[in-house]
Amino acid sequence: MKAMIDRIEKMKPLFEKISNNSYLRAIRDGFISLIPVILFSSFFLLVAYVPNAFDIYWDSGIETILMKAYNGSMGILGILMSATVTKSLTENFNSKLPKMNQINSTSTMTAAFIGFMIIGVAPLDGGFASDYMGTKGLMTAFIVGFVVPIIYRFCVVKNLKVKMPEEVPGNISQTFKDLIPITLTTVFFWVFDLGFRQYVGLGFSEKLIEVFQPIFTAADGYLGLGLIFGAMAFFWFIGIHGPSIVEPAVAAIYITNVEMNFQFYQNGEHAPKILSQGLQYFVATLGGTGATLVITLMFAFLAKSKQLKTMGRASAVPVLFGVNEPILFGAPLVLNPIFFLPFILAPIANVWIFKFFVEVLGMNSFIYNLPWTTPGPIGLILGTGFAGLAIGLMFVLLAVDFILYFPFFKAYDSELLAKETANNEEEQSTTILEDKNFAIESVKDRHSKTNVLVLCANGATSSMLANAINKGAKETNITVHGTAMAYGQHKDQIDAFDLIILAPQMAAMLDELRGDAANHKVHTVSTTGLEYINLAKSPIEAVGFVFKQIEEGSNNA
């Protein structure tokens, strides 16, 4: 098993390259930007229709008012997605262009709006049909989001622009600079739409759904579900944020399926679509990727090893809310040969059992989108509209995960206990921070105020270290402020920070981050798994780590 893990680890650079693909990241970042819209709109659905599960129904007028907010947000999700994907890809292209010759992201977002309306929406007398403005238009949104920045980049690289006299103000000059690329973009989509409708006889969005429908169907099958969630767990096991690679390929299916399930539910029909965000958050990754809720509780309450017991109890609350990085890197589970099989198999078993409950026992699938930090048992029950079988399903999932993890847990616990009994406990728990006693007092006077940004994939893991930094600053009476963000959100605010720290799963982004920071007075550093956990648990050491990195960065500058 260890030899197999070593071979897998050698492939890590390839997987990191896939994870860093500009187009996959654009889709991921586009979705992250719109999570507030998705959750905001779902709130109105919950208020409007959850009472129905208890035979309580709103007056039709109130229901219409509630749904107006939903339709005005989720109803235009495709349009919004075209803009956010475009913005992310534009920023990625800009990071590789000269600072004095950049693409105007505001203009590309405007062009994306126009392009989407031309090829993605059917015209009506006096307006536009709304059918494909929302979730049905997501595939179109991705394509528009790719094409627009490519056309703009071509114009910027080839210096195709309307040149104005030097006396013309910069903002006016920029307007004319954008004239050629926005014209080319609009004409491209206009001509494409005319030709497509002429020869295909359907609108582009409608045809895309028809073409991809077999993939949507296959993704809901046992094999498709196993591949999707097995891959997520596999990538996380080798230390790469799995959803960064897998989610962009299925994100459109997630949102579309939930929308379809809700429509089935409203019509009094069975909601059968399996693949959804709820399936990922509250079934496949129950307690986080690898379905780690059960193994964390095993560590906390069944372990005889002091190391596992301590780690389990410290991680139990975060894992309950889907933040499982403490247990992934602290136990560790990632790259630990003992846990390879259950880490991959538990998510697959969970989604297959869920599919059985939906297709054979008749339970409704997910009809609402909920925040991923909702505790798994609550998310499963609420997301399925208080389906009666959901409570029973939760107990089944926990039992199956227990059975899958237990033999491997016992083996690992016995191994660590034997080492501790042999007086090797100190070696097992030694922090890998070489400068644990870094002299904070010797440097704090040279830093009047220090702002630190911690980045992870979605802002959850990063908050652990940011909170520790803030707590350590308070304990040592030092002016240090830690902020947590998702990777990508930092680009417009990079000047505000003195140090940016990458969480372990984002270490592959260090070179790109250094490129972003090249023209700014900000230091950048990545962390390893155990190092990150030790820092998050030790506020004063976290502050020492901050000053150590800034000092080393200044000396090497």
# chains A, B, ... in the order shown; residues from 1 in each chain; ligands from 1
call {"tool": "residues_around", "arguments": {"residues": "segment 331-342 of chain A", "least_positions_apart": "3", "cutoff": "10 Å", "atoms": "only C-alpha atoms", "output": "PyMOL selection string"}}
result
chain A and resi 1-6+8-9+233-240+290-292+295-296+299+307-312+315+325-328+345-349+401-409+411-412+529-530+533
call {"tool": "residues_around", "arguments": {"residues": "segment 354-361 of chain A", "least_positions_apart": "3", "cutoff": "8 Å", "atoms": "only C-alpha atoms", "output": "PyMOL selection string"}}
result
chain A and resi 222+272+274+283+350-351+364-365+389+393
call {"tool": "write_last_selection", "arguments": {"atoms": "C-alpha atoms", "output": "mmCIF file, in the first residue's frame"}}
result
data_model
loop_
_atom_site.group_PDB
_atom_site.id
_atom_site.type_symbol
_atom_site.label_atom_id
_atom_site.label_comp_id
_atom_site.auth_asym_id
_atom_site.auth_seq_id
_atom_site.Cartn_x
_atom_site.Cartn_y
_atom_site.Cartn_z
ATOM 1 C CA TYR A 222 -23.995 4.556 -9.920
ATOM 2 C CA PRO A 272 -35.463 12.075 -8.589
ATOM 3 C CA ILE A 274 -29.380 12.696 -7.536
ATOM 4 C CA VAL A 283 -23.895 12.824 1.999
ATOM 5 C CA ASN A 350 -22.737 7.080 0.903
ATOM 6 C CA VAL A 351 -23.901 8.391 -2.489
ATOM 7 C CA ASN A 364 -37.152 12.945 -2.482
ATOM 8 C CA SER A 365 -33.669 14.064 -3.484
ATOM 9 C CA LEU A 389 -36.778 8.670 5.172
ATOM 10 C CA LEU A 393 -30.866 7.421 5.929
#
call {"tool": "select_by_dssp", "arguments": {"residues": "segment 217-342 of chain A", "states": "helix (DSSP H, G or I)", "output": "PyMOL selection string"}}
result
chain A and resi 217-219+222-237+242-266+277-284+293-301+306-320+325-330+337-342
call {"tool": "closest_residue", "arguments": {"among": "A:Leu398, A:Val543, A:Met232, A:Val522", "to": "Glu475 of chain A", "atoms": "only C-alpha atoms"}}
result
A:Val543
call {"tool": "residues_around", "arguments": {"residues": "Ile469 of chain A", "least_positions_apart": "4", "cutoff": "12 Å", "atoms": "only C-alpha atoms", "output": "PyMOL selection string"}}
result
chain A and resi 450-454+462-465+473-484+501+532+535-547
call {"tool": "closest_atom_pairs", "arguments": {"of": "segment 174-279 of chain A", "to": "segment 125-141 of chain A", "cutoff": "7 Å", "atoms": "only C-alpha atoms", "output": "CSV"}}
result
residue,atom,partner,partner_atom,distance
A:Ser205,CA,A:Thr140,CA,5.7
A:Ala252,CA,A:Leu138,CA,5.9
A:Ile255,CA,A:Thr135,CA,6.4
A:Thr256,CA,A:Thr135,CA,5.4
call {"tool": "closest_residue", "arguments": {"among": "A:Ser22, A:Asn458, A:Ser244, A:Gln263", "to": "Pro149 of chain A", "atoms": "only C-alpha atoms"}}
result
A:Ser22
call {"tool": "closest_residue", "arguments": {"among": "A:Ala112, A:Ile56, A:Ala26, A:Cys155", "to": "Asp178 of chain A", "atoms": "only C-alpha atoms"}}
result
A:Cys155
call {"tool": "residues_around", "arguments": {"residues": "Asn519 of chain A", "least_positions_apart": "2", "cutoff": "12 Å", "atoms": "only C-alpha atoms", "output": "ChimeraX atom specification"}}
result
/A:95,98-99,494-495,513-517,521-523
call {"tool": "residues_around", "arguments": {"residues": "Phe264 of chain A", "least_positions_apart": "4", "cutoff": "12 Å", "atoms": "only C-alpha atoms", "output": "JSON, numbers by chain"}}
result
{"A": [257, 258, 259, 260, 268, 269, 270, 271, 272, 273, 364, 365, 366, 367]}
call {"tool": "select_by_dssp", "arguments": {"residues": "segment 448-551 of chain A", "states": "strand (DSSP E or B)", "output": "PyMOL selection string"}}
result
chain A and resi 450-456+480-486+499-502+523-526
call {"tool": "write_last_selection", "arguments": {"atoms": "N, CA, C and O atoms", "output": "CSV table (one decimal), in the first residue's frame"}}
result
chain,number,residue,atom,x,y,z
A,450,THR,N,0.7,45.2,11.3
A,450,THR,CA,0.9,44.2,10.4
A,450,THR,C,-0.5,43.5,10.0
A,450,THR,O,-1.2,43.1,10.9
A,451,ASN,N,-0.7,43.5,8.7
A,451,ASN,CA,-2.0,42.8,8.2
A,451,ASN,C,-1.6,41.6,7.5
A,451,ASN,O,-0.7,41.6,6.6
A,452,VAL,N,-2.3,40.5,7.9
A,452,VAL,CA,-1.9,39.2,7.3
A,452,VAL,C,-3.2,38.6,6.7
A,452,VAL,O,-4.3,38.6,7.3
A,453,LEU,N,-3.0,38.0,5.5
A,453,LEU,CA,-4.1,37.4,4.8
A,453,LEU,C,-3.8,35.9,4.7
A,453,LEU,O,-2.7,35.5,4.3
A,454,VAL,N,-4.8,35.1,5.0
A,454,VAL,CA,-4.7,33.6,4.9
A,454,VAL,C,-5.7,33.2,3.9
A,454,VAL,O,-6.8,33.5,3.9
A,455,LEU,N,-5.2,32.4,2.9
A,455,LEU,CA,-6.0,32.0,1.8
A,455,LEU,C,-6.1,30.5,1.7
A,455,LEU,O,-5.2,29.7,1.9
A,456,CYS,N,-7.4,30.0,1.5
A,456,CYS,CA,-7.6,28.6,1.2
A,456,CYS,C,-8.6,28.5,0.0
A,456,CYS,O,-8.8,29.5,-0.7
A,480,VAL,N,-1.4,43.1,15.2
A,480,VAL,CA,-1.4,42.2,14.0
A,480,VAL,C,-2.9,41.8,13.8
A,480,VAL,O,-3.6,41.5,14.7
A,481,HIS,N,-3.3,41.9,12.5
A,481,HIS,CA,-4.6,41.5,12.2
A,481,HIS,C,-4.7,40.5,11.1
A,481,HIS,O,-4.0,40.7,10.0
A,482,GLY,N,-5.3,39.4,11.4
A,482,GLY,CA,-5.5,38.3,10.4
A,482,GLY,C,-6.8,38.3,9.7
A,482,GLY,O,-7.8,38.5,10.3
A,483,THR,N,-6.8,38.1,8.4
A,483,THR,CA,-8.0,38.0,7.6
A,483,THR,C,-8.0,36.7,6.8
A,483,THR,O,-7.0,36.3,6.2
A,484,ALA,N,-9.2,36.1,6.7
A,484,ALA,CA,-9.3,34.9,5.9
A,484,ALA,C,-10.1,35.2,4.6
A,484,ALA,O,-11.1,35.9,4.6
A,485,MET,N,-9.7,34.6,3.5
A,485,MET,CA,-10.4,34.7,2.2
A,485,MET,C,-10.2,33.4,1.4
A,485,MET,O,-9.4,32.6,1.7
A,486,ALA,N,-11.1,33.3,0.4
A,486,ALA,CA,-10.9,32.2,-0.6
A,486,ALA,C,-9.9,32.7,-1.6
A,486,ALA,O,-9.9,33.9,-1.9
A,499,LEU,N,1.7,40.2,4.6
A,499,LEU,CA,2.0,38.8,4.4
A,499,LEU,C,0.8,38.1,4.0
A,499,LEU,O,-0.3,38.3,4.5
A,500,ILE,N,1.0,37.2,3.0
A,500,ILE,CA,-0.1,36.3,2.6
A,500,ILE,C,0.3,34.9,2.8
A,500,ILE,O,1.4,34.5,2.3
A,501,ILE,N,-0.5,34.1,3.5
A,501,ILE,CA,-0.2,32.7,3.8
A,501,ILE,C,-1.1,31.8,3.1
A,501,ILE,O,-2.4,32.0,3.2
A,502,LEU,N,-0.6,30.8,2.4
A,502,LEU,CA,-1.5,29.8,1.8
A,502,LEU,C,-1.7,28.6,2.7
A,502,LEU,O,-0.7,28.0,3.2
A,523,HIS,N,4.8,39.9,1.4
A,523,HIS,CA,5.5,38.6,1.4
A,523,HIS,C,4.5,37.5,1.3
A,523,HIS,O,3.4,37.6,1.7
A,524,THR,N,5.0,36.4,0.7
A,524,THR,CA,4.1,35.2,0.4
A,524,THR,C,4.8,34.0,0.9
A,524,THR,O,6.0,33.8,0.8
A,525,VAL,N,3.9,33.1,1.5
A,525,VAL,CA,4.5,31.8,2.0
A,525,VAL,C,3.4,30.7,1.9
A,525,VAL,O,2.2,31.0,2.1
A,526,SER,N,3.8,29.5,1.7
A,526,SER,CA,2.8,28.4,1.8
A,526,SER,C,3.1,27.6,3.1
A,526,SER,O,4.2,27.7,3.7
call {"tool": "residues_around", "arguments": {"residues": "Leu80 of chain A", "least_positions_apart": "3", "cutoff": "10 Å", "atoms": "only C-alpha atoms", "output": "PyMOL selection string"}}
result
chain A and resi 30-31+33-34+37+73-77+83-86+109+112-113+116+133-134+138+141
call {"tool": "atom_distance", "arguments": {"atom1": "atom CA of Phe142 of chain A", "atom2": "atom CA of Ile209 of chain A"}}
result
13.0 Å
